[in-house]
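Undergrad: One file is attached below, data_8.cif, containing mmCIF, C-alpha atoms.
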data_structure
#
loop_
_atom_site.label_atom_id
_atom_site.label_comp_id
_atom_site.auth_asym_id
_atom_site.auth_seq_id
_atom_site.Cartn_x
_atom_site.Cartn_y
_atom_site.Cartn_z
CA MET X 1 0.00 0.00 0.00
CA ILE X 2 1.97 2.86 -1.32
CA ARG X 3 -1.00 5.04 -0.59
CA ALA X 4 -0.24 5.13 3.10
CA ALA X 5 3.24 6.42 2.43
CA PHE X 6 1.84 9.11 0.19
CA LEU X 7 -0.58 10.10 2.87
CA ALA X 8 2.32 10.54 5.21
CA LEU X 9 4.04 12.88 2.83
CA ALA X 10 1.34 14.64 0.99
CA LEU X 11 -1.73 15.15 3.07
CA SER X 12 -2.08 18.31 4.99
CA ALA X 13 -5.11 19.18 7.03
CA PRO X 14 -6.65 22.61 7.18
CA ALA X 15 -5.02 24.69 9.87
CA ALA X 16 -6.04 23.14 13.14
CA SER X 17 -7.21 25.74 15.57
CA ALA X 18 -6.21 23.76 18.60
CA GLU X 19 -2.51 23.27 18.92
CA SER X 20 -2.71 19.61 19.67
CA VAL X 21 -2.47 16.14 18.31
CA GLU X 22 -5.91 14.79 17.47
CA ILE X 23 -6.90 11.18 17.05
CA ALA X 24 -10.07 10.32 15.15
CA ASP X 25 -11.89 7.15 14.12
CA ALA X 26 -9.77 4.85 16.26
CA PHE X 27 -10.88 1.24 16.06
CA VAL X 28 -9.82 -2.36 16.46
CA PRO X 29 -11.66 -4.84 14.22
CA LEU X 30 -13.06 -7.55 16.45
CA PRO X 31 -10.50 -10.34 16.08
CA PRO X 32 -11.33 -14.04 15.90
CA PRO X 33 -11.32 -15.66 19.37
CA GLY X 34 -7.84 -16.77 20.30
CA ALA X 35 -6.12 -14.71 17.60
CA HIS X 36 -2.61 -13.95 18.80
CA ALA X 37 -2.18 -10.80 16.70
CA HIS X 38 -4.47 -8.13 15.41
CA ALA X 39 -4.37 -4.41 14.68
CA ALA X 40 -5.53 -0.94 15.66
CA TYR X 41 -6.32 1.80 13.16
CA PHE X 42 -6.90 5.55 13.50
CA THR X 43 -6.36 8.91 11.88
CA LEU X 44 -3.87 11.27 13.49
CA THR X 45 -3.77 15.01 12.86
CA ASN X 46 -0.76 16.96 14.03
CA GLY X 47 -2.22 20.31 15.03
CA THR X 48 1.01 21.59 16.46
CA ASP X 49 3.64 23.79 14.82
CA ASP X 50 6.26 21.07 15.05
CA ALA X 51 6.79 17.83 13.24
CA LEU X 52 5.51 14.89 15.24
CA VAL X 53 7.74 11.83 15.22
CA LEU X 54 6.27 8.56 16.41
CA LEU X 55 8.83 6.05 17.60
CA ALA X 56 6.84 3.24 19.17
CA ALA X 57 3.48 2.05 20.43
CA GLU X 58 2.45 0.49 23.72
CA ALA X 59 -0.89 -1.17 24.27
CA GLU X 60 -2.61 -1.89 27.56
CA GLY X 61 -3.53 -5.54 27.91
CA TYR X 62 -1.07 -6.81 25.31
CA ALA X 63 2.35 -8.39 25.51
CA MET X 64 3.60 -6.15 22.73
CA ALA X 65 2.67 -3.50 20.20
CA HIS X 66 4.54 -2.30 17.12
CA LEU X 67 4.13 0.39 14.51
CA HIS X 68 3.76 -1.64 11.35
CA GLU X 69 3.03 -1.28 7.70
CA THR X 70 1.65 -3.84 5.28
CA LEU X 71 3.48 -3.65 1.99
CA GLU X 72 2.42 -5.33 -1.17
CA GLN X 73 4.99 -5.85 -3.85
CA ASP X 74 4.64 -8.07 -6.89
CA GLY X 75 1.52 -9.62 -5.42
CA ILE X 76 3.20 -10.58 -2.14
CA ALA X 77 1.91 -9.18 1.15
CA ARG X 78 4.55 -8.59 3.76
CA MET X 79 4.96 -6.47 6.84
CA ALA X 80 7.56 -3.94 7.81
CA MET X 81 8.19 -2.60 11.27
CA LEU X 82 8.33 1.18 11.18
CA ALA X 83 11.28 2.60 13.10
CA GLN X 84 9.69 6.02 13.06
CA VAL X 85 6.76 7.79 11.49
CA GLU X 86 6.85 11.54 10.94
CA VAL X 87 3.78 13.73 10.69
CA PRO X 88 4.52 17.29 9.54
CA PRO X 89 2.93 20.29 11.29
CA GLY X 90 -0.71 20.40 10.24
CA GLY X 91 -0.39 16.99 8.61
CA THR X 92 -2.81 14.10 8.84
CA LEU X 93 -1.79 10.48 8.79
CA SER X 94 -4.11 7.53 8.34
CA PHE X 95 -3.46 4.16 9.88
CA GLU X 96 -5.84 1.99 7.88
CA PRO X 97 -6.47 -1.63 6.92
CA GLY X 98 -3.96 -2.82 4.35
CA GLY X 99 -1.55 -0.01 5.23
CA MET X 100 -0.02 1.35 8.40
CA HIS X 101 -1.33 -0.12 11.62
CA VAL X 102 -0.46 -0.71 15.23
CA MET X 103 0.17 -4.44 15.47
CA LEU X 104 -1.19 -5.75 18.76
CA MET X 105 0.46 -8.95 19.95
CA GLY X 106 -0.44 -11.36 22.72
CA PRO X 107 -3.74 -10.05 24.10
CA ASP X 108 -4.38 -10.83 27.77
CA GLN X 109 -7.93 -11.86 26.87
CA ASP X 110 -10.38 -12.09 23.99
CA LEU X 111 -12.14 -8.86 23.07
CA SER X 112 -15.81 -8.11 22.64
CA ALA X 113 -17.39 -5.54 20.36
CA GLY X 114 -17.91 -2.23 22.10
CA GLU X 115 -14.91 -2.59 24.40
CA THR X 116 -12.01 -0.22 24.03
CA VAL X 117 -8.30 -0.80 23.61
CA THR X 118 -5.91 1.90 24.79
CA VAL X 119 -2.74 2.39 22.79
CA HIS X 120 -0.07 4.96 23.60
CA LEU X 121 2.01 6.37 20.77
CA VAL X 122 5.47 7.25 22.01
CA THR X 123 6.93 10.34 20.36
CA ALA X 124 10.51 11.42 19.86
CA SER X 125 9.96 14.30 22.26
CA GLY X 126 9.06 11.83 24.97
CA ASN X 127 5.29 12.36 24.94
CA ARG X 128 2.76 9.61 24.92
CA VAL X 129 -0.27 10.21 22.72
CA PRO X 130 -3.24 8.16 23.94
CA VAL X 131 -5.40 6.40 21.36
CA VAL X 132 -8.63 4.90 22.65
CA ALA X 133 -9.80 2.48 19.97
CA GLU X 134 -13.26 0.99 19.91
CA VAL X 135 -13.56 -2.72 19.18
CA ARG X 136 -15.83 -2.97 16.16
CA ASP X 137 -17.58 -6.02 14.83
CA GLY X 138 -18.42 -6.38 11.19
CA ARG X 139 -16.75 -5.51 7.96
CA LEU X 140 -13.79 -3.24 8.18
CA LEU X 141 -14.64 -0.89 5.41
CA PRO X 142 -17.93 0.21 3.94
CA ASN X 143 -16.53 -0.65 0.49
CA MET U 1 1.54 -14.66 -12.05
CA ARG U 2 3.37 -15.54 -15.25
CA ARG U 3 0.43 -17.51 -16.53
CA ILE U 4 -1.85 -14.57 -16.25
CA ALA U 5 -1.51 -12.60 -19.39
CA GLY U 6 -4.91 -11.22 -20.15
CA LEU U 7 -6.92 -8.82 -18.13
CA LEU U 8 -10.49 -9.91 -18.14
CA ALA U 9 -11.93 -6.58 -17.34
CA LEU U 10 -10.97 -3.01 -16.90
CA TRP U 11 -13.92 -1.74 -15.04
CA LEU U 12 -15.11 1.64 -16.13
CA VAL U 13 -16.87 2.53 -12.97
CA ALA U 14 -18.81 5.73 -12.86
CA THR U 15 -16.89 7.19 -9.98
CA PRO U 16 -14.09 9.70 -9.84
CA VAL U 17 -11.90 7.00 -8.31
CA ALA U 18 -9.56 5.33 -10.75
CA ALA U 19 -10.94 2.06 -12.07
CA GLN U 20 -9.66 -0.90 -10.12
CA VAL U 21 -9.00 -4.30 -11.60
CA GLN U 22 -10.44 -6.81 -9.15
CA GLY U 23 -9.30 -9.93 -10.93
CA VAL U 24 -7.54 -11.46 -13.89
CA GLU U 25 -8.64 -14.47 -15.86
CA LEU U 26 -6.07 -17.04 -16.92
CA ASP U 27 -5.63 -17.54 -20.62
CA ASP U 28 -5.87 -21.28 -20.08
CA PRO U 29 -7.43 -22.96 -17.05
CA VAL U 30 -5.00 -25.03 -14.97
CA ALA U 31 -6.05 -28.42 -13.58
CA LEU U 32 -5.10 -28.74 -9.92
CA PRO U 33 -3.23 -31.80 -8.64
CA ALA U 34 -4.21 -34.15 -5.82
CA PHE U 35 -3.79 -32.67 -2.35
CA GLU U 36 -5.21 -33.26 1.10
CA LEU U 37 -5.62 -30.63 3.78
CA SER U 38 -7.65 -30.77 6.97
CA ASN U 39 -8.47 -29.06 10.25
CA ALA U 40 -8.90 -29.87 13.92
CA ASP U 41 -12.67 -30.19 13.50
CA GLY U 42 -12.07 -33.25 11.33
CA ALA U 43 -12.97 -31.56 8.05
CA THR U 44 -10.86 -32.34 5.01
CA PHE U 45 -10.26 -30.39 1.85
CA THR U 46 -9.03 -32.28 -1.20
CA GLN U 47 -9.06 -31.83 -4.96
CA ASP U 48 -12.36 -33.76 -5.00
CA ASP U 49 -13.98 -30.99 -2.97
CA LEU U 50 -13.27 -28.56 -5.77
CA VAL U 51 -15.60 -30.37 -8.14
CA GLY U 52 -19.19 -29.26 -8.42
CA GLN U 53 -19.00 -25.70 -7.18
CA TRP U 54 -16.90 -22.57 -7.47
CA THR U 55 -14.17 -22.21 -4.86
CA LEU U 56 -12.05 -19.30 -3.68
CA VAL U 57 -8.71 -20.30 -2.14
CA MET U 58 -6.73 -17.84 -0.05
CA PHE U 59 -3.34 -18.52 1.53
CA GLY U 60 -2.43 -16.84 4.80
CA PHE U 61 -1.74 -17.36 8.50
CA THR U 62 -3.77 -16.60 11.58
CA THR U 63 -1.12 -14.52 13.37
CA CYS U 64 -1.44 -12.05 10.52
CA PRO U 65 -2.60 -8.80 12.14
CA ASP U 66 -3.72 -6.76 9.18
CA VAL U 67 -3.94 -8.15 5.70
CA CYS U 68 -5.53 -11.58 6.37
CA PRO U 69 -8.43 -10.33 8.51
CA PHE U 70 -8.88 -7.43 6.10
CA THR U 71 -8.98 -9.76 3.10
CA LEU U 72 -11.31 -12.27 4.77
CA SER U 73 -13.68 -9.48 5.83
CA ASN U 74 -13.71 -8.06 2.34
CA LEU U 75 -14.23 -11.48 0.80
CA GLU U 76 -17.12 -12.15 3.17
CA HIS U 77 -18.66 -8.96 1.89
CA ALA U 78 -17.85 -9.88 -1.72
CA VAL U 79 -19.37 -13.37 -1.42
CA SER U 80 -22.51 -11.83 0.08
CA GLU U 81 -22.67 -9.47 -2.88
CA ALA U 82 -22.09 -12.38 -5.25
CA ALA U 83 -25.02 -14.20 -3.69
CA LEU U 84 -27.26 -11.37 -4.91
CA ARG U 85 -26.04 -11.85 -8.45
CA MET U 86 -25.97 -15.60 -8.95
CA ARG U 87 -27.85 -18.80 -8.24
CA PRO U 88 -27.22 -20.17 -4.75
CA ASP U 89 -25.33 -23.17 -6.14
CA ASN U 90 -22.98 -20.82 -7.99
CA VAL U 91 -21.97 -18.83 -4.92
CA PRO U 92 -18.30 -19.65 -4.34
CA LYS U 93 -17.13 -21.62 -1.36
CA MET U 94 -14.37 -19.79 0.51
CA VAL U 95 -11.35 -21.77 1.75
CA PHE U 96 -8.61 -20.22 3.88
CA VAL U 97 -5.43 -22.31 3.72
CA SER U 98 -2.93 -21.56 6.48
CA VAL U 99 0.66 -21.96 5.31
CA ASP U 100 1.70 -21.95 8.98
CA PRO U 101 0.56 -25.35 10.30
CA ALA U 102 2.90 -25.22 13.32
CA ARG U 103 0.91 -22.35 14.82
CA ASP U 104 -2.44 -22.78 13.12
CA ALA U 105 -3.35 -26.49 13.03
CA GLU U 106 -5.63 -26.21 16.05
CA THR U 107 -7.13 -22.80 15.33
CA VAL U 108 -7.48 -22.35 11.58
CA ALA U 109 -11.02 -23.76 11.38
CA LYS U 110 -12.36 -21.39 14.01
CA TYR U 111 -10.38 -18.51 12.58
CA ALA U 112 -11.95 -18.83 9.13
CA SER U 113 -15.47 -19.48 10.37
CA PHE U 114 -15.29 -16.35 12.50
CA PHE U 115 -15.52 -14.33 9.28
CA HIS U 116 -18.43 -16.39 7.96
CA PRO U 117 -19.86 -19.66 9.29
CA ASP U 118 -19.45 -21.22 5.83
CA PHE U 119 -15.78 -20.26 5.42
CA LEU U 120 -13.56 -23.33 5.68
CA GLY U 121 -10.12 -23.06 7.31
CA VAL U 122 -7.60 -25.83 6.72
CA THR U 123 -3.89 -26.56 6.80
CA GLY U 124 -1.75 -29.69 6.58
CA PRO U 125 1.64 -31.22 5.99
CA ARG U 126 4.10 -28.91 4.30
CA GLU U 127 4.23 -30.94 1.09
CA GLU U 128 0.45 -30.86 0.71
CA ILE U 129 0.38 -27.09 1.21
CA ASP U 130 3.25 -26.64 -1.21
CA ARG U 131 1.54 -28.69 -3.89
CA LEU U 132 -1.49 -26.43 -3.86
CA VAL U 133 0.61 -23.27 -3.56
CA GLU U 134 2.68 -24.26 -6.54
CA ALA U 135 -0.25 -25.39 -8.66
CA THR U 136 -2.03 -22.07 -8.11
CA ASP U 137 1.13 -20.12 -8.92
CA SER U 138 1.06 -18.73 -5.39
CA PHE U 139 3.86 -18.00 -2.95
CA TYR U 140 4.70 -17.92 0.73
CA ARG U 141 7.78 -17.71 2.89
CA LEU U 142 8.22 -18.18 6.64
CA LEU U 143 10.73 -15.65 7.92
CA PRO U 144 13.29 -16.52 10.63
CA PRO U 145 11.91 -16.11 14.17
CA LYS U 146 12.67 -12.95 16.10
CA PRO U 147 14.15 -13.16 19.62
CA ASP U 148 10.64 -13.39 21.10
CA GLY U 149 9.89 -16.38 18.89
CA TYR U 150 7.43 -14.58 16.63
CA TYR U 151 7.95 -15.08 12.95
CA GLU U 152 6.32 -13.34 10.07
CA VAL U 153 4.90 -15.06 7.03
CA GLN U 154 4.92 -13.45 3.63
CA HIS U 155 2.31 -14.72 1.24
CA SER U 156 0.50 -14.06 -2.01
CA SER U 157 -2.20 -11.49 -1.64
CA ALA U 158 -4.18 -12.75 -4.63
CA VAL U 159 -7.01 -15.25 -4.15
CA SER U 160 -7.40 -18.21 -6.52
CA VAL U 161 -10.73 -18.80 -8.25
CA VAL U 162 -11.34 -22.48 -9.03
CA ASP U 163 -14.13 -23.55 -11.38
CA PRO U 164 -16.54 -26.47 -10.79
CA GLN U 165 -14.23 -28.78 -12.74
CA GLY U 166 -11.46 -28.14 -10.23
CA GLN U 167 -9.47 -25.94 -12.57
CA LEU U 168 -7.78 -22.68 -11.59
CA ARG U 169 -9.48 -20.08 -13.73
CA ALA U 170 -8.72 -16.65 -12.33
CA LYS U 171 -7.12 -14.66 -9.53
CA LEU U 172 -8.83 -12.04 -7.43
CA GLN U 173 -6.68 -9.10 -6.48
CA PRO U 174 -6.75 -6.61 -3.61
CA PRO U 175 -8.49 -4.52 -2.51
CA PHE U 176 -11.34 -7.02 -3.05
CA ASP U 177 -14.00 -4.35 -3.38
CA ALA U 178 -17.22 -6.23 -2.69
CA GLY U 179 -19.33 -5.03 -5.61
CA LEU U 180 -16.57 -5.14 -8.22
CA THR U 181 -15.31 -8.54 -7.05
CA ALA U 182 -18.84 -9.95 -7.17
CA GLU U 183 -19.28 -8.51 -10.66
CA PHE U 184 -15.98 -10.05 -11.77
CA LEU U 185 -17.07 -13.46 -10.44
CA ALA U 186 -20.48 -13.20 -12.11
CA ARG U 187 -18.91 -12.37 -15.47
CA LEU U 188 -16.37 -15.13 -15.07
CA GLN U 189 -19.18 -17.60 -14.51
CA ILE U 190 -21.06 -16.39 -17.59
CA ALA U 191 -17.91 -16.85 -19.70
CA TYR U 192 -17.41 -20.29 -18.15
CA ARG U 193 -20.96 -21.39 -18.97
CA ARG U 194 -20.61 -20.17 -22.56
CA GLU U 195 -17.42 -22.17 -22.87
CA THR U 196 -18.55 -25.37 -21.20
CA MET U 197 -22.19 -25.50 -22.30
CA PRO U 198 -22.16 -24.92 -26.06
#
Could I get this structure in the form of structure tokens?

TA:
Amino acid sequence: MIRAAFLALALSAPAASAESVEIADAFVPLPPPGAHAHAAYFTLTNGTDDALVLLAAEAEGYAMAHLHETLEQDGIARMAMLAQVEVPPGGTLSFEPGGMHVMLMGPDQDLSAGETVTVHLVTASGNRVPVVAEVRDGRLLPN
Amino acid sequence: MRRIAGLLALWLVATPVAAQVQGVELDDPVALPAFELSNADGATFTQDDLVGQWTLVMFGFTTCPDVCPFTLSNLEHAVSEAALRMRPDNVPKMVFVSVDPARDAETVAKYASFFHPDFLGVTGPREEIDRLVEATDSFYRLLPPKPDGYYEVQHSSAVSVVDPQGQLRAKLQPPFDAGLTAEFLARLQIAYRRETMP
């Protein structure tokens, strides 16, 4: 999904009035029972005047979380761990199915629809941006 | 993908979004060899099960956080759409083949049926998996484990479409848009009937 990379570079949101980092549409598709790995998705808008650099993710209730990207080349799907993700001032970045995602590994327990998963994005400046993702049943995208 | 030369359809959809190709038809159908896969529920999946209905075969692994659940969800949607366009006995049967039997032998059946009760999840001995992977011109690779023991699996993103004679006839491609994929399958079936019922 080259699109996700383009989004990272190209998209810029209208000037955000609040000087903050905003998270929208955060969700975790309800995973199959017993699934050892699944993913969280969201849209992040950097409303600050500085570039936002994400270095890592931590998830409550999981053994591990990683910033990941699904790449498809020559018909082969593979994953890449992202060492850092930069969002320019005013920029918006989408973590979406088939693209960038927070990989959630080793859940403490099975999830139910309507529950929330809390992920913290760790930034280069040492902040932790909370992402509260709703567990959603059903198809991922409206198509 | 070498066998796939012709594009069946370039959809001219009436949207500002660029037309997406949801599948490609093979120039010549490929007969699939004997294979035997199974799951912990006691179900088996062999070349004989391909005969008599359309089948979609996807390769993946259940520890796949993003692309496998995304694909299975989209295919569930696409098969539902297809059911609106074709006779019930022409609606394809969906089979998820895990290429990671070490981790998935016990769970693959439940994993697939989570996405739709009729989806079949199977795996099996490496040589049986490889026979089907090779015959469908697919690909996978288990990467070396990381220090925590987790290993990634790279795999073909395309989904094989097998006709009621057990022959590979087309490949579905991401993003598996429900409506366009269903339309592709419906057209493929019309072409198949023209060819096989003169």

Undergrad: Env of Thr181 (chain U): 12 Å cut, atoms = only C-alpha atoms, seq-sep filter 6 positions within chain, self excluded. Answer as a VMD selection string.

TA: (chain X and resid 143) or (chain U and resid 9 11 20 to 24 56 74 to 83 85 92 159 161 170 to 175 187 to 188)

Undergrad: For the selection just defined, write its residues with C-alpha atoms to a file, as an mmCIF file, in the coordinates of the input.

TA:
data_model
loop_
_atom_site.group_PDB
_atom_site.id
_atom_site.type_symbol
_atom_site.label_atom_id
_atom_site.label_comp_id
_atom_site.auth_asym_id
_atom_site.auth_seq_id
_atom_site.Cartn_x
_atom_site.Cartn_y
_atom_site.Cartn_z
ATOM 1 C CA ASN X 143 -16.530 -0.650 0.490
ATOM 2 C CA ALA U 9 -11.930 -6.580 -17.340
ATOM 3 C CA TRP U 11 -13.920 -1.740 -15.040
ATOM 4 C CA GLN U 20 -9.660 -0.900 -10.120
ATOM 5 C CA VAL U 21 -9.000 -4.300 -11.600
ATOM 6 C CA GLN U 22 -10.440 -6.810 -9.150
ATOM 7 C CA GLY U 23 -9.300 -9.930 -10.930
ATOM 8 C CA VAL U 24 -7.540 -11.460 -13.890
ATOM 9 C CA LEU U 56 -12.050 -19.300 -3.680
ATOM 10 C CA ASN U 74 -13.710 -8.060 2.340
ATOM 11 C CA LEU U 75 -14.230 -11.480 0.800
ATOM 12 C CA GLU U 76 -17.120 -12.150 3.170
ATOM 13 C CA HIS U 77 -18.660 -8.960 1.890
ATOM 14 C CA ALA U 78 -17.850 -9.880 -1.720
ATOM 15 C CA VAL U 79 -19.370 -13.370 -1.420
ATOM 16 C CA SER U 80 -22.510 -11.830 0.080
ATOM 17 C CA GLU U 81 -22.670 -9.470 -2.880
ATOM 18 C CA ALA U 82 -22.090 -12.380 -5.250
ATOM 19 C CA ALA U 83 -25.020 -14.200 -3.690
ATOM 20 C CA ARG U 85 -26.040 -11.850 -8.450
ATOM 21 C CA PRO U 92 -18.300 -19.650 -4.340
ATOM 22 C CA VAL U 159 -7.010 -15.250 -4.150
ATOM 23 C CA VAL U 161 -10.730 -18.800 -8.250
ATOM 24 C CA ALA U 170 -8.720 -16.650 -12.330
ATOM 25 C CA LYS U 171 -7.120 -14.660 -9.530
ATOM 26 C CA LEU U 172 -8.830 -12.040 -7.430
ATOM 27 C CA GLN U 173 -6.680 -9.100 -6.480
ATOM 28 C CA PRO U 174 -6.750 -6.610 -3.610
ATOM 29 C CA PRO U 175 -8.490 -4.520 -2.510
ATOM 30 C CA ARG U 187 -18.910 -12.370 -15.470
ATOM 31 C CA LEU U 188 -16.370 -15.130 -15.070
#

Undergrad: Give me, as a tab-separated table, each residue of chain U that comes within 7 Å of chain X, together with its shortest interatomic pair and the distance in Å at one decimal, counting all atoms listed in the file, with rows ordered by chain and rising residue number.

TA:
residue	atom	partner	partner_atom	distance
U:Thr62	CA	X:Ala35	CA	6.7
U:Thr63	CA	X:Ala37	CA	5.1
U:Cys64	CA	X:Ala37	CA	6.3
U:Pro65	CA	X:His38	CA	3.8
U:Asp66	CA	X:Ala39	CA	6.0
U:Val67	CA	X:Gly98	CA	5.5
U:Phe70	CA	X:Pro97	CA	6.3
U:Ser73	CA	X:Arg139	CA	5.5
U:Asn74	CA	X:Arg139	CA	6.9
U:Tyr111	CA	X:Pro32	CA	5.6
U:Phe114	CA	X:Pro32	CA	5.7
U:Gln154	CA	X:Arg78	CA	4.9
U:His155	CA	X:Ile76	CA	5.4
U:Ser156	CA	X:Ile76	CA	4.4
U:Ser157	CA	X:Ala77	CA	5.5
U:Ala158	CA	X:Gly75	CA	6.6
U:Asp177	CA	X:Asn143	CA	5.9
U:Ala178	CA	X:Asn143	CA	6.5

Undergrad: Just checking: using all atoms listed in the file, which residue out of X:Val28, X:Ala51, X:Val21, X:Leu44 ends up closest to Thr118 (chain X)?

TA: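 Among the listed residues, X:Val28 lies closest to Thr118 (chain X).
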
Undergrad: Would you kindly translate the PyMOL selection byres ((chain X and resi 55) around 10) into the concrete residues it picks from this file, as a PyMOL selection string?

TA: chain X and resi 52-54+56-57+66-67+82-86+121-126

Undergrad: How would you write, as an mmCIF file with C-alpha atoms, in the frame of the given file, the residues chosen by the PyMOL selection byres ((chain U and resi 167) around 7) on this structure?

TA:
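Dumped to expr.cif:
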data_model
loop_
_atom_site.group_PDB
_atom_site.id
_atom_site.type_symbol
_atom_site.label_atom_id
_atom_site.label_comp_id
_atom_site.auth_asym_id
_atom_site.auth_seq_id
_atom_site.Cartn_x
_atom_site.Cartn_y
_atom_site.Cartn_z
ATOM 1 C CA PRO U 29 -7.430 -22.960 -17.050
ATOM 2 C CA VAL U 30 -5.000 -25.030 -14.970
ATOM 3 C CA ALA U 31 -6.050 -28.420 -13.580
ATOM 4 C CA LEU U 32 -5.100 -28.740 -9.920
ATOM 5 C CA VAL U 162 -11.340 -22.480 -9.030
ATOM 6 C CA ASP U 163 -14.130 -23.550 -11.380
ATOM 7 C CA GLN U 165 -14.230 -28.780 -12.740
ATOM 8 C CA GLY U 166 -11.460 -28.140 -10.230
ATOM 9 C CA LEU U 168 -7.780 -22.680 -11.590
ATOM 10 C CA ARG U 169 -9.480 -20.080 -13.730
#

Undergrad: Give the answer as one residue: which of X:Ala113, X:Val87, X:Val132, X:Met64 has the shortest atom-to-atom distance to Asp148 (chain U), using all atoms listed in the file?

TA: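 The shortest atom-to-atom distance to Asp148 (chain U) comes from X:Met64.
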
Undergrad: Quote the spacing between CA of Met94 (chain U) and CA of Ala135 (chain U) in Å to one decimal place.

TA: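 Interatomic distance here is 17.7 Å.
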
Undergrad: Within 12 Å of Phe45 (chain U), counting all atoms listed in the file, which residues qualify if same-chain residues fewer than 4 places away don't, as a ChimeraX atom specification?

TA: /U:34-39,41,49-51,55,57,93-97,109,120-124,128-129,132

Undergrad: Restricting it to C-alpha atoms, dump the selection as a compact mmCIF listing (two decimals), in the frame of the given file.

TA:
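selection-v8.txt was written with the following content:
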# COMPACT_ATOMS: atom_id res chain seq x y z
CA ALA U 34 -4.21 -34.15 -5.82
CA PHE U 35 -3.79 -32.67 -2.35
CA GLU U 36 -5.21 -33.26 1.10
CA LEU U 37 -5.62 -30.63 3.78
CA SER U 38 -7.65 -30.77 6.97
CA ASN U 39 -8.47 -29.06 10.25
CA ASP U 41 -12.67 -30.19 13.50
CA ASP U 49 -13.98 -30.99 -2.97
CA LEU U 50 -13.27 -28.56 -5.77
CA VAL U 51 -15.60 -30.37 -8.14
CA THR U 55 -14.17 -22.21 -4.86
CA VAL U 57 -8.71 -20.30 -2.14
CA LYS U 93 -17.13 -21.62 -1.36
CA MET U 94 -14.37 -19.79 0.51
CA VAL U 95 -11.35 -21.77 1.75
CA PHE U 96 -8.61 -20.22 3.88
CA VAL U 97 -5.43 -22.31 3.72
CA ALA U 109 -11.02 -23.76 11.38
CA LEU U 120 -13.56 -23.33 5.68
CA GLY U 121 -10.12 -23.06 7.31
CA VAL U 122 -7.60 -25.83 6.72
CA THR U 123 -3.89 -26.56 6.80
CA GLY U 124 -1.75 -29.69 6.58
CA GLU U 128 0.45 -30.86 0.71
CA ILE U 129 0.38 -27.09 1.21
CA LEU U 132 -1.49 -26.43 -3.86

Undergrad: At what distance in Å, to one decimal, does CA of Asp50 (chain X) lie from CA of Ile23 (chain X)?

TA: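 Between these atoms lies a distance of 16.6 Å.
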
Undergrad: Ranking X:Ala59, X:Val135, X:Ala65, X:Ala24 by minimum distance to Leu111 (chain X) and counting only C-alpha atoms, which one comes first?

TA: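 Comparing X:Ala59, X:Val135, X:Ala65, X:Ala24 against Leu111 (chain X), the winner is X:Val135.
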
Undergrad: Mind giving me the straight-line distance from CA of Asn90 (chain U) to CA of Asp118 (chain U) in Å, one decimal?

TA: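 For CA of Asn90 (chain U) relative to CA of Asp118 (chain U), the distance reads 14.3 Å.
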
Undergrad: Name the residues that the PyMOL selection byres ((chain X and resi 22) around 12) pulls out of this structure, and write them as a PyMOL selection string.

TA: chain X and resi 13+16-21+23-26+42-48+52+87+90-94+129-132

Undergrad: With only C-alpha atoms as the atoms that count, which of U:Gly42, U:Gly179, U:Gly60, U:Pro125 lies nearest to Ala112 (chain U)?

TA: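 Looking only at the distances to Ala112 (chain U), the closest residue turns out to be U:Gly60.
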
Undergrad: Pick out the closest residue to Glu127 (chain U) from this set: U:Pro101, U:Pro69, U:Pro144, U:Gly149. Count only C-alpha atoms.

TA: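 The closest residue to Glu127 (chain U) is U:Pro101.
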